[in-house]
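The file entry_23.cif contains mmCIF, C-alpha atoms:
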```cif
data_input
loop_
_atom_site.label_atom_id
_atom_site.label_comp_id
_atom_site.auth_asym_id
_atom_site.auth_seq_id
_atom_site.Cartn_x
_atom_site.Cartn_y
_atom_site.Cartn_z
CA MET A 148 131.38 -34.04 157.31
CA GLY A 149 134.19 -34.87 159.70
CA ARG A 150 136.85 -37.42 158.97
CA GLY A 151 136.75 -40.88 160.43
CA ARG A 152 139.59 -42.06 162.59
CA ARG A 153 141.06 -43.97 159.66
CA ASP A 154 141.31 -40.75 157.64
CA LYS A 155 143.03 -38.73 160.36
CA VAL A 156 146.77 -38.16 160.59
CA LEU A 157 147.78 -38.94 164.17
CA LEU A 158 151.46 -38.27 164.78
CA THR A 159 153.38 -39.46 167.80
CA ILE A 160 155.67 -37.18 169.79
CA GLU A 161 158.74 -38.73 168.12
CA GLN A 162 157.23 -38.30 164.65
CA ARG A 163 156.40 -34.63 165.26
CA ARG A 164 159.92 -33.97 166.56
CA ARG A 165 161.44 -35.63 163.51
CA LEU A 166 159.20 -33.74 161.07
CA GLU A 167 159.87 -30.42 162.83
CA ASN A 168 163.62 -31.00 162.51
CA ILE A 169 163.22 -31.69 158.80
CA SER A 170 161.12 -28.57 158.24
CA ARG A 171 163.57 -26.31 160.12
CA ASN A 172 167.11 -27.49 159.35
CA GLY A 173 167.18 -26.11 155.81
CA TYR A 174 169.39 -28.96 154.52
CA ALA A 175 166.68 -31.32 153.28
CA PRO A 176 165.32 -31.06 149.71
CA ALA A 177 162.62 -28.43 149.23
CA LYS A 178 159.96 -31.04 148.40
CA LYS A 179 160.73 -33.00 151.55
CA ILE A 180 160.50 -29.87 153.72
CA LEU A 181 157.16 -28.97 152.11
CA HIS A 182 155.72 -32.45 152.66
CA ALA A 183 156.88 -32.41 156.30
CA ARG A 184 155.02 -29.13 156.86
CA VAL A 185 151.89 -30.58 155.25
CA LEU A 186 151.98 -33.60 157.59
CA LEU A 187 152.50 -31.38 160.64
CA MET A 188 149.50 -29.25 159.69
CA CYS A 189 147.41 -32.36 158.96
CA ASP A 190 148.13 -33.79 162.41
CA GLU A 191 145.02 -34.14 164.57
CA GLY A 192 146.64 -35.95 167.47
CA GLU A 193 147.06 -34.81 171.06
CA GLN A 194 150.21 -32.83 170.27
CA ALA A 195 148.55 -30.81 167.49
CA ILE A 196 148.23 -27.11 168.25
CA ASP A 197 145.66 -26.16 165.57
CA THR A 198 143.27 -28.10 163.40
CA TRP A 199 143.64 -27.35 159.71
CA THR A 200 141.41 -28.24 156.82
CA ASP A 201 142.84 -29.30 153.47
CA GLU A 202 141.70 -25.99 151.97
CA GLY A 203 143.43 -24.04 154.75
CA ILE A 204 146.68 -25.99 154.38
CA ALA A 205 146.64 -25.55 150.59
CA LYS A 206 146.06 -21.80 150.94
CA ALA A 207 148.75 -21.38 153.63
CA LEU A 208 151.40 -23.32 151.70
CA ASN A 209 150.32 -22.18 148.22
CA LEU A 210 149.40 -25.70 147.11
CA HIS A 211 146.45 -27.30 145.39
CA ARG A 212 143.93 -29.01 147.65
CA ASN A 213 144.41 -32.31 145.79
CA THR A 214 148.15 -32.21 146.54
CA VAL A 215 147.44 -32.04 150.28
CA GLY A 216 145.02 -34.92 149.92
CA ARG A 217 147.57 -37.06 148.07
CA ILE A 218 150.23 -36.49 150.75
CA ARG A 219 147.72 -37.37 153.46
CA LYS A 220 146.60 -40.52 151.63
CA ARG A 221 150.18 -41.63 150.97
CA TYR A 222 151.00 -41.26 154.68
CA LEU A 223 147.96 -43.24 155.75
CA THR A 224 148.44 -46.04 153.23
CA GLN A 225 152.25 -46.29 152.85
CA GLY A 226 153.81 -44.61 155.85
CA GLU A 227 156.01 -41.63 156.71
CA GLU A 228 158.96 -42.10 154.33
CA PRO A 229 156.90 -42.47 151.10
CA ALA A 230 154.89 -39.39 152.13
CA LEU A 231 158.04 -37.31 152.61
CA ASN A 232 160.13 -38.40 149.66
CA ARG A 233 159.34 -38.24 145.99
CA ARG A 234 158.66 -41.54 144.27
CA LEU A 235 161.62 -42.68 142.23
CA ARG A 236 161.09 -43.23 138.54
CA LYS A 237 161.58 -46.76 137.31
CA LYS A 238 162.86 -45.39 134.03
CA PRO A 239 164.35 -41.95 133.30
CA PRO A 240 162.13 -39.60 131.27
CA THR A 241 164.65 -39.71 128.42
CA PRO A 242 166.87 -42.74 127.71
CA PRO A 243 170.63 -42.23 128.25
CA LYS A 244 172.67 -41.47 125.16
CA ILE A 245 175.50 -43.77 126.17
CA ASP A 246 175.28 -47.27 127.61
CA GLY A 247 177.79 -49.19 129.70
CA ALA A 248 179.84 -50.36 126.72
CA THR A 249 180.17 -46.85 125.31
CA GLU A 250 181.09 -45.47 128.72
CA ALA A 251 183.80 -48.14 129.03
CA GLN A 252 185.23 -47.04 125.66
CA ILE A 253 185.26 -43.41 126.80
CA ILE A 254 187.12 -44.37 129.97
CA ALA A 255 189.62 -46.50 128.04
CA MET A 256 190.27 -43.68 125.56
CA CYS A 257 190.68 -41.13 128.34
CA CYS A 258 193.22 -43.35 130.11
CA SER A 259 195.22 -43.88 126.91
CA ASP A 260 197.85 -41.58 125.41
CA PRO A 261 196.48 -38.45 123.68
CA PRO A 262 197.02 -37.92 119.93
CA GLU A 263 200.40 -36.76 118.66
CA GLY A 264 200.98 -33.11 119.30
CA ARG A 265 198.67 -32.93 122.33
CA ALA A 266 199.86 -33.06 125.93
CA ASP A 267 196.65 -34.42 127.44
CA TRP A 268 193.02 -35.13 126.72
CA THR A 269 190.51 -32.30 126.95
CA ILE A 270 186.72 -32.61 126.91
CA ARG A 271 186.53 -30.98 123.49
CA LEU A 272 189.30 -33.16 122.07
CA LEU A 273 187.81 -36.38 123.45
CA THR A 274 184.35 -35.48 122.15
CA SER A 275 185.63 -34.93 118.63
CA GLU A 276 187.78 -38.08 118.78
CA LEU A 277 184.79 -40.20 119.82
CA LYS A 278 182.90 -39.03 116.74
CA LYS A 279 185.95 -39.42 114.53
CA ARG A 280 186.47 -43.05 115.60
CA ARG A 281 182.72 -43.69 115.27
CA VAL A 282 182.38 -44.80 118.89
CA VAL A 283 179.18 -42.72 118.92
CA THR A 284 177.40 -40.89 116.16
CA GLU A 285 176.37 -37.91 118.27
CA ILE A 286 177.52 -36.81 121.74
CA SER A 287 177.82 -33.48 123.49
CA ARG A 288 180.70 -32.17 125.56
CA GLU A 289 178.40 -32.04 128.59
CA THR A 290 177.81 -35.79 128.34
CA VAL A 291 181.57 -36.39 128.23
CA ARG A 292 182.05 -34.05 131.18
CA ARG A 293 179.46 -35.95 133.23
CA THR A 294 181.23 -39.20 132.37
CA PHE A 295 184.49 -37.71 133.64
CA LYS A 296 182.86 -36.58 136.86
CA LYS A 297 181.03 -39.86 137.42
CA ASN A 298 184.22 -41.93 137.08
CA GLN A 299 186.53 -39.37 138.74
CA LEU A 300 188.65 -38.88 135.63
CA ARG A 301 190.88 -35.80 135.47
CA PRO A 302 193.22 -36.17 132.49
CA TRP A 303 194.32 -32.54 132.77
CA LYS A 304 195.78 -33.09 136.25
CA VAL A 305 199.07 -34.84 137.01
CA LYS A 306 200.32 -35.57 140.52
CA ARG A 307 204.08 -35.48 140.80
CA PHE A 308 205.80 -37.45 143.53
CA CYS A 309 209.00 -39.34 144.17
CA ILE A 310 208.80 -43.00 143.24
CA PRO A 311 210.97 -45.04 145.66
CA GLU A 312 214.01 -46.85 144.39
CA ARG A 313 213.82 -50.51 143.41
CA ASP A 314 215.89 -51.56 146.42
CA LEU A 315 212.91 -51.36 148.79
CA ALA A 316 214.75 -52.85 151.75
CA ARG A 317 217.32 -50.07 151.68
CA PHE A 318 214.60 -47.44 151.24
CA VAL A 319 212.49 -48.52 154.21
CA ALA A 320 215.58 -49.02 156.38
CA GLN A 321 216.78 -45.45 155.86
CA MET A 322 213.21 -44.14 156.07
CA GLU A 323 212.61 -45.72 159.48
CA VAL A 324 215.89 -44.31 160.77
CA ILE A 325 214.76 -40.79 159.82
CA LEU A 326 211.25 -41.31 161.22
CA ASP A 327 212.60 -42.59 164.53
CA LEU A 328 214.94 -39.61 164.65
CA TYR A 329 212.08 -37.13 164.19
CA CYS A 330 209.98 -38.82 166.87
CA SER A 331 212.83 -38.82 169.42
CA GLU A 332 213.53 -36.08 171.94
CA HIS A 333 216.52 -33.81 171.30
CA CYS A 334 218.30 -31.67 173.85
CA ARG A 335 220.22 -28.43 173.30
CA ASP A 336 223.49 -30.28 173.69
CA GLN A 337 222.62 -32.53 170.72
CA PRO A 338 220.24 -30.60 168.44
CA LEU A 339 218.57 -31.96 165.33
CA ILE A 340 219.34 -29.93 162.19
CA CYS A 341 217.89 -30.50 158.73
CA MET A 342 219.73 -29.10 155.73
CA ASP A 343 218.95 -28.87 152.05
CA GLU A 344 220.29 -27.10 149.00
CA ALA A 345 218.67 -25.30 146.10
CA SER A 346 219.69 -23.23 143.11
CA VAL A 347 218.29 -19.80 142.27
CA GLN A 348 218.70 -17.89 139.02
CA LEU A 349 219.61 -14.21 139.19
CA LEU A 350 217.56 -12.03 136.84
CA ASP A 351 217.50 -8.30 136.20
CA HIS A 352 214.98 -6.04 134.51
CA LEU A 353 215.76 -4.87 131.01
CA TYR A 354 213.24 -2.06 131.41
CA LYS A 355 212.35 -0.47 134.72
CA PRO A 356 208.98 -1.73 136.06
CA ILE A 357 206.04 0.64 136.51
CA LYS A 358 204.93 0.74 140.13
CA MET A 359 201.41 -0.01 141.24
CA GLN A 360 198.94 2.83 141.63
CA PRO A 361 195.29 2.99 142.67
CA GLY A 362 193.31 1.39 139.86
CA GLN A 363 196.46 0.23 138.06
CA ASP A 364 198.42 -2.99 138.65
CA GLN A 365 202.19 -3.12 138.65
CA LYS A 366 203.59 -3.62 135.17
CA GLU A 367 206.73 -5.61 134.47
CA ASP A 368 208.23 -6.19 131.03
CA TYR A 369 208.72 -9.82 130.10
CA HIS A 370 212.26 -9.13 128.84
CA TYR A 371 215.00 -9.75 131.37
CA THR A 372 218.73 -10.31 131.59
CA ARG A 373 220.46 -13.33 133.12
CA GLU A 374 222.94 -12.50 135.87
CA GLY A 375 224.10 -16.01 136.79
CA THR A 376 223.03 -18.47 139.45
CA GLN A 377 223.54 -18.88 143.18
CA ALA A 378 223.51 -21.96 145.41
CA LEU A 379 221.38 -21.76 148.56
CA PHE A 380 222.17 -23.65 151.76
CA MET A 381 219.28 -24.02 154.20
CA PHE A 382 219.86 -25.17 157.80
CA PHE A 383 216.71 -25.62 159.88
CA ASP A 384 216.10 -26.69 163.48
CA PRO A 385 212.48 -27.95 163.45
CA ASN A 386 212.27 -28.18 167.26
CA ALA A 387 213.67 -24.75 168.14
CA GLY A 388 212.24 -22.92 165.13
CA TRP A 389 215.64 -21.61 164.05
CA ARG A 390 216.90 -21.43 160.48
CA ARG A 391 219.87 -20.05 158.57
CA VAL A 392 220.06 -19.61 154.82
CA SER A 393 223.10 -18.48 152.87
CA ASN A 394 224.06 -18.13 149.22
CA ARG A 395 227.29 -19.12 147.49
CA ASP A 396 228.64 -19.14 143.95
CA HIS A 397 228.96 -22.95 143.96
CA ARG A 398 227.86 -25.92 146.00
CA SER A 399 231.02 -27.99 145.92
CA ARG A 400 232.50 -30.13 148.67
CA VAL A 401 234.46 -27.16 149.98
CA ASP A 402 231.35 -24.95 150.10
CA TRP A 403 229.43 -27.59 152.04
CA ALA A 404 232.33 -28.11 154.44
CA GLU A 405 232.57 -24.37 155.15
CA GLU A 406 228.85 -24.23 155.84
CA ILE A 407 229.19 -27.15 158.25
CA ARG A 408 232.04 -25.44 160.09
CA GLN A 409 229.89 -22.34 160.52
CA LEU A 410 227.06 -24.51 161.78
CA LEU A 411 229.27 -26.20 164.38
CA ASP A 412 231.50 -23.32 165.46
CA VAL A 413 229.22 -20.29 165.08
CA ASP A 414 225.60 -21.45 165.24
CA TYR A 415 226.02 -24.28 167.78
CA PRO A 416 229.43 -23.80 169.43
CA HIS A 417 228.41 -25.44 172.73
CA ALA A 418 226.76 -28.53 171.26
CA SER A 419 228.66 -31.73 171.86
CA LYS A 420 227.15 -33.30 168.74
CA VAL A 421 224.86 -32.09 165.96
CA LYS A 422 222.52 -34.58 164.29
CA LEU A 423 222.33 -33.54 160.65
CA VAL A 424 219.62 -34.77 158.27
CA CYS A 425 220.46 -34.29 154.58
CA ASP A 426 219.97 -35.96 151.22
CA ASN A 427 222.30 -38.28 149.31
CA LEU A 428 224.43 -35.79 147.38
CA ASN A 429 228.03 -36.91 147.03
CA THR A 430 229.19 -33.74 148.83
CA HIS A 431 227.25 -34.55 152.00
CA ASN A 432 229.77 -36.74 153.81
CA ILE A 433 232.76 -36.54 156.12
CA ALA A 434 235.19 -36.76 153.21
CA SER A 435 234.25 -33.19 152.22
CA LEU A 436 235.63 -31.95 155.54
CA TYR A 437 238.99 -33.61 154.89
CA GLU A 438 239.06 -32.13 151.40
CA ALA A 439 238.42 -28.59 152.66
CA PHE A 440 240.45 -28.48 155.90
CA PRO A 441 243.62 -29.96 157.38
CA ALA A 442 243.27 -33.36 159.01
CA ASP A 443 243.22 -32.04 162.59
CA GLU A 444 240.48 -29.50 161.82
CA ALA A 445 238.45 -31.99 159.78
CA HIS A 446 238.75 -34.60 162.55
CA ARG A 447 237.57 -32.08 165.17
CA LEU A 448 234.50 -31.18 163.12
CA ALA A 449 233.74 -34.78 162.17
CA ARG A 450 233.65 -35.89 165.81
CA ARG A 451 230.85 -33.38 166.49
CA LEU A 452 228.81 -34.27 163.43
CA GLU A 453 226.39 -37.18 163.07
CA ILE A 454 224.96 -37.44 159.55
CA TYR A 455 221.65 -39.13 158.65
CA HIS A 456 220.91 -39.48 154.94
CA THR A 457 217.39 -39.62 153.58
CA PRO A 458 216.82 -42.51 151.14
CA ARG A 459 217.11 -41.92 147.42
CA ASN A 460 213.82 -40.56 146.04
CA GLY A 461 212.78 -39.92 149.63
CA SER A 462 213.58 -36.23 149.92
CA TRP A 463 210.07 -35.63 151.35
CA LEU A 464 211.52 -36.90 154.62
CA ASN A 465 213.72 -33.79 154.87
CA VAL A 466 211.92 -31.06 156.81
CA ALA A 467 214.27 -28.43 155.38
CA GLU A 468 212.36 -28.71 152.09
CA ILE A 469 209.37 -27.12 153.82
CA GLU A 470 211.44 -24.07 154.71
CA LEU A 471 212.87 -23.86 151.20
CA SER A 472 209.33 -23.88 149.81
CA ILE A 473 208.31 -21.06 152.15
CA LEU A 474 211.46 -19.13 151.24
CA THR A 475 210.67 -19.45 147.53
CA LYS A 476 207.10 -18.17 147.95
CA GLN A 477 207.82 -15.37 150.40
CA CYS A 478 211.20 -14.07 149.24
CA LEU A 479 212.43 -15.45 145.92
CA ALA A 480 209.29 -15.06 143.78
CA ARG A 481 210.73 -11.96 142.04
CA ARG A 482 213.69 -10.83 140.00
CA ILE A 483 216.91 -10.41 141.98
CA SER A 484 219.85 -9.07 140.02
CA SER A 485 223.01 -9.68 142.08
CA PRO A 486 224.43 -11.96 144.79
CA GLU A 487 224.70 -8.97 147.14
CA LYS A 488 221.01 -8.14 146.81
CA LEU A 489 220.13 -11.81 147.20
CA GLU A 490 222.15 -12.06 150.41
CA LYS A 491 220.52 -8.94 151.81
CA LYS A 492 217.02 -10.22 151.10
CA LEU A 493 217.82 -13.67 152.50
CA LYS A 494 219.08 -12.19 155.75
CA ALA A 495 215.98 -10.03 156.11
CA TRP A 496 213.73 -13.05 155.54
CA GLU A 497 215.80 -15.17 157.93
CA GLN A 498 215.57 -12.63 160.75
CA GLU A 499 211.84 -12.22 160.30
CA ARG A 500 211.25 -15.97 160.33
CA ASN A 501 213.45 -16.52 163.37
CA LYS A 502 211.46 -13.92 165.30
CA THR A 503 208.35 -16.05 164.99
CA ALA A 504 210.32 -19.25 165.78
CA SER A 505 208.03 -21.30 163.55
CA GLN A 506 208.47 -25.01 164.30
CA VAL A 507 207.56 -28.20 162.48
CA ILE A 508 205.73 -30.80 164.58
CA TRP A 509 206.30 -34.18 162.92
CA HIS A 510 203.51 -36.72 163.46
CA PHE A 511 204.32 -39.42 160.88
CA SER A 512 206.02 -42.29 162.75
CA THR A 513 207.41 -45.71 161.87
CA PRO A 514 204.20 -47.57 162.88
CA ASP A 515 202.25 -45.21 160.61
CA ALA A 516 204.64 -45.90 157.73
CA ARG A 517 204.18 -49.67 158.11
CA VAL A 518 200.45 -49.17 157.58
CA LYS A 519 200.20 -46.35 155.02
CA LEU A 520 203.34 -47.32 153.07
CA LYS A 521 202.91 -51.06 153.38
CA HIS A 522 203.44 -51.50 149.63
CA LEU A 523 207.04 -50.30 150.02
CA TYR A 524 208.04 -53.06 152.42
CA PRO A 525 209.39 -56.38 151.16
CA VAL A 526 206.84 -59.21 151.33
CA PHE A 527 207.79 -62.58 152.82
CA GLU A 528 206.18 -65.97 152.28
CA ASP A 529 204.74 -66.13 155.79
CA GLU A 530 202.96 -62.82 155.25
CA GLU A 531 201.59 -63.97 151.90
CA MET A 532 200.22 -67.15 153.48
CA ALA A 533 198.66 -65.14 156.31
CA ASP A 534 196.99 -62.75 153.86
CA SER A 535 195.65 -65.63 151.75
CA ASN A 536 194.24 -67.42 154.80
CA ALA A 537 192.65 -64.28 156.21
CA PRO A 538 188.81 -64.28 156.17
CA ASN A 539 187.20 -62.06 153.55
#
```
Take the structure in the file and give it back as structure tokens.
Amino acid sequence: MGRGRRDKVLLTIEQRRRLENISRNGYAPAKKILHARVLLMCDEGEQAIDTWTDEGIAKALNLHRNTVGRIRKRYLTQGEEPALNRRLRKKPPTPPKIDGATEAQIIAMCCSDPPEGRADWTIRLLTSELKKRRVVTEISRETVRRTFKKNQLRPWKVKRFCIPERDLARFVAQMEVILDLYCSEHCRDQPLICMDEASVQLLDHLYKPIKMQPGQDQKEDYHYTREGTQALFMFFDPNAGWRRVSNRDHRSRVDWAEEIRQLLDVDYPHASKVKLVCDNLNTHNIASLYEAFPADEAHRLARRLEIYHTPRNGSWLNVAEIELSILTKQCLARRISSPEKLEKKLKAWEQERNKTASQVIWHFSTPDARVKLKHLYPVFEDEEMADSNAPN
């Protein structure tokens, strides 16, 4: 017997296009793709290419005939979405082992300090502690792990960042000066230079390393000898892609002043003024020039130098830190035994980097800071009233 019109699946052009996209994209759940193919094969409308029987569909898709009939009936009685998607259970097949109150206790314990002698909470430690404190009588580590994932808890991870100083007005004032400086245009006559300092420890091998061979990694003994420390001075032009790095025995006022003289007289001899961005070390000021050189020489250098200090705990505003990080990863991540070898390796790295002229394009501006770092700005009564009167 043939089917009556009420028993036929008659798809519109839009419905067929939608079902064909579902059955071909490969991103939908497997059950949904299978049900979409069943509906397309059940279609007996004008756009249908072939007419399939339930037995033929079941044989082609490796299904039972009753399954095809149920999908057809669900489409005819409930519509397209119920026919495509699986019916959600009102209750899970097995009741959850932890309820909302227990989950809240797990979260509170995870956010608290770990036991004495432990640096942080682990899944194993938290599971045993829950049983020890009789929060639950029985719980698996997998249940605790799912609770961590559900609530985005990662007690083993710590993000380190600079917390701004308490004097927020001073912080945002100096921050906006630096941000405006980065977003301004700079000519060759008045270049923008960022400088930063770092300390590197000189180490030597106690036993000669074994070089790498095919099928054998390089071997390095964990014993080493200390050969002192060196101070690094990094000068970086983010617009021109130029940098200079040097090493010294100390980083005193005199050392900084000599580096500044080389910057002004050797690196940029034709610049009328150099805009220098640096942090708040007590050596980074004009007084260091007068301590290192006679008054006439110090005055000559000071007139060509314009210093901009980053705020305290705001060293992320100094672009030179990016170059120091690259230097550490590419050049300093090994044992270097003497200042002479360090200088040689620094010069080789510097020349290679200057060949590529890698620049830093700064996008973070003062308007962006007033939105993303709004919590750092002082709040006034007018703003508080405006926020309280704002519609929800």
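If all atoms listed in the file are the atoms counted, then among A:Thr475, A:Gln363, A:Asn501, A:Thr198 the closest residue to Asp384 in chain A is A:Asn501.
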> Applied to the shown file, which residues does the PyMOL selection byres ((chain A and resi 338) around 12) return, written as JSON, numbers by chain?
Replying inline: {"A": [328, 329, 331, 332, 333, 334, 335, 336, 337, 339, 340, 341, 382, 383, 384, 385, 386, 387, 388, 389, 410, 411, 414, 415, 416, 417, 418, 419, 420, 421, 422, 423, 424, 451, 452, 453]}
Writer output for current selection, C-alpha atoms, as a compact mmCIF listing (two decimals), keeping the file's coordinate frame:
```
# COMPACT_ATOMS: atom_id res chain seq x y z
CA LEU A 328 214.94 -39.61 164.65
CA TYR A 329 212.08 -37.13 164.19
CA SER A 331 212.83 -38.82 169.42
CA GLU A 332 213.53 -36.08 171.94
CA HIS A 333 216.52 -33.81 171.30
CA CYS A 334 218.30 -31.67 173.85
CA ARG A 335 220.22 -28.43 173.30
CA ASP A 336 223.49 -30.28 173.69
CA GLN A 337 222.62 -32.53 170.72
CA LEU A 339 218.57 -31.96 165.33
CA ILE A 340 219.34 -29.93 162.19
CA CYS A 341 217.89 -30.50 158.73
CA PHE A 382 219.86 -25.17 157.80
CA PHE A 383 216.71 -25.62 159.88
CA ASP A 384 216.10 -26.69 163.48
CA PRO A 385 212.48 -27.95 163.45
CA ASN A 386 212.27 -28.18 167.26
CA ALA A 387 213.67 -24.75 168.14
CA GLY A 388 212.24 -22.92 165.13
CA TRP A 389 215.64 -21.61 164.05
CA LEU A 410 227.06 -24.51 161.78
CA LEU A 411 229.27 -26.20 164.38
CA ASP A 414 225.60 -21.45 165.24
CA TYR A 415 226.02 -24.28 167.78
CA PRO A 416 229.43 -23.80 169.43
CA HIS A 417 228.41 -25.44 172.73
CA ALA A 418 226.76 -28.53 171.26
CA SER A 419 228.66 -31.73 171.86
CA LYS A 420 227.15 -33.30 168.74
CA VAL A 421 224.86 -32.09 165.96
CA LYS A 422 222.52 -34.58 164.29
CA LEU A 423 222.33 -33.54 160.65
CA VAL A 424 219.62 -34.77 158.27
CA ARG A 451 230.85 -33.38 166.49
CA LEU A 452 228.81 -34.27 163.43
CA GLU A 453 226.39 -37.18 163.07
```
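The result of the PyMOL selection byres ((chain A and resi 456) around 7) on the shown file is Val424, Cys425, Asp426, Asn427, Ile454, Tyr455, Thr457 and Pro458 of chain A.
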> At what distance in Å, to one decimal, does CA of Val507 in chain A lie from CA of Leu464 in chain A?
Replying inline: 12.4 Å
> What does the distance between CA of Met188 in chain A and CA of Ile204 in chain A come to in Å, to one decimal place?
Replying inline: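 Value for the CA of Met188 in chain A-CA of Ile204 in chain A distance: 6.8 Å.
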>> List as a ChimeraX atom specification the protein and nucleic acid residues near Glu444 in chain A, meaning an atom at most 12 Å away when all atoms listed in the file are counted, but skip any in the same chain fewer than 5 places from it.
In response: /A:404-405,408,411-412,433,436-439,449-451
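In this comparison, which uses all atoms listed in the file, the residue of A:Val319, A:Lys244, A:Glu263, A:Gly375 approaching Arg517 in chain A most closely is A:Val319.
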> What is the distance between CA of Ser287 in chain A and CA of Ile245 in chain A, in Å to one decimal?
Replying inline: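 Between CA of Ser287 in chain A and CA of Ile245 in chain A the gap works out to 10.9 Å.
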Picked residues, the PyMOL selection byres ((chain A and resi 302) around 8), as a tab-separated table (two decimals) with C-alpha atoms, keeping the file's coordinate frame:
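Wrote expr29.tsv, looks like this:
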```
chain	number	residue	atom	x	y	z
A	257	CYS	CA	190.68	-41.13	128.34
A	258	CYS	CA	193.22	-43.35	130.11
A	267	ASP	CA	196.65	-34.42	127.44
A	268	TRP	CA	193.02	-35.13	126.72
A	269	THR	CA	190.51	-32.30	126.95
A	300	LEU	CA	188.65	-38.88	135.63
A	301	ARG	CA	190.88	-35.80	135.47
A	303	TRP	CA	194.32	-32.54	132.77
A	304	LYS	CA	195.78	-33.09	136.25
A	305	VAL	CA	199.07	-34.84	137.01
```
> Out of A:Thr214, A:Ser346, A:Gln365, A:Ser259, which residue has the shortest atom-to-atom distance to Ser393 in chain A when counting only C-alpha atoms?
Replying inline: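 Once distances to Ser393 in chain A are computed over only C-alpha atoms, the minimum belongs to A:Ser346.
By only C-alpha atoms, and with residues fewer than 6 positions from Leu158 in chain A along its chain excluded, the set lying at most 9 Å from it is Leu186, Leu187, Asp190, Glu191, Gly192, Glu193, Gln194 and Ala195 of chain A.
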> What lies within 9 Å of Glu323 in chain A using all atoms listed in the file, ignoring chain neighbours under 5 positions off, as a ChimeraX atom specification?
Replying inline: /A:318,328,512-513,516
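Minimum atom-to-atom distances from A:Thr372, A:Glu161, A:Val156, A:Pro262 to Ile218 in chain A were compared using all atoms listed in the file, and the lowest value belongs to A:Val156.
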> Given the choices A:Val185, A:Leu350, A:Val215, A:Ile286, which gets closest to Leu479 in chain A if the distance is worked out from all atoms listed in the file?
Replying inline: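 Of the candidates, the smallest distance to Leu479 in chain A is held by A:Leu350.
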Mind listing as a PDB file with C-alpha atoms, in the coordinates of the input all residues within 6 Å of (220.6, -20.1, 145.9), counting only C-alpha atoms?
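Just written: part-v5.pdb:
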```pdb
ATOM      1  CA  ALA A 345     218.670 -25.300 146.100  1.00  0.00           C
ATOM      2  CA  SER A 346     219.690 -23.230 143.110  1.00  0.00           C
ATOM      3  CA  VAL A 347     218.290 -19.800 142.270  1.00  0.00           C
ATOM      4  CA  GLN A 377     223.540 -18.880 143.180  1.00  0.00           C
ATOM      5  CA  ALA A 378     223.510 -21.960 145.410  1.00  0.00           C
ATOM      6  CA  LEU A 379     221.380 -21.760 148.560  1.00  0.00           C
ATOM      7  CA  ASN A 394     224.060 -18.130 149.220  1.00  0.00           C
TER       8      ASN A 394
END
```
> If we count all atoms listed in the file, what is near Arg482 in chain A at a cut-off of 7 Å, once residues fewer than 2 positions away on the same chain are taken out, given as a PyMOL selection string?
Replying inline: chain A and resi 349-351+484
How would the residues just chosen look if you wrote them out with C-alpha atoms as a CSV table (one decimal), in the coordinates of the input?
```csv
chain,number,residue,atom,x,y,z
A,349,LEU,CA,219.6,-14.2,139.2
A,350,LEU,CA,217.6,-12.0,136.8
A,351,ASP,CA,217.5,-8.3,136.2
A,484,SER,CA,219.8,-9.1,140.0
```
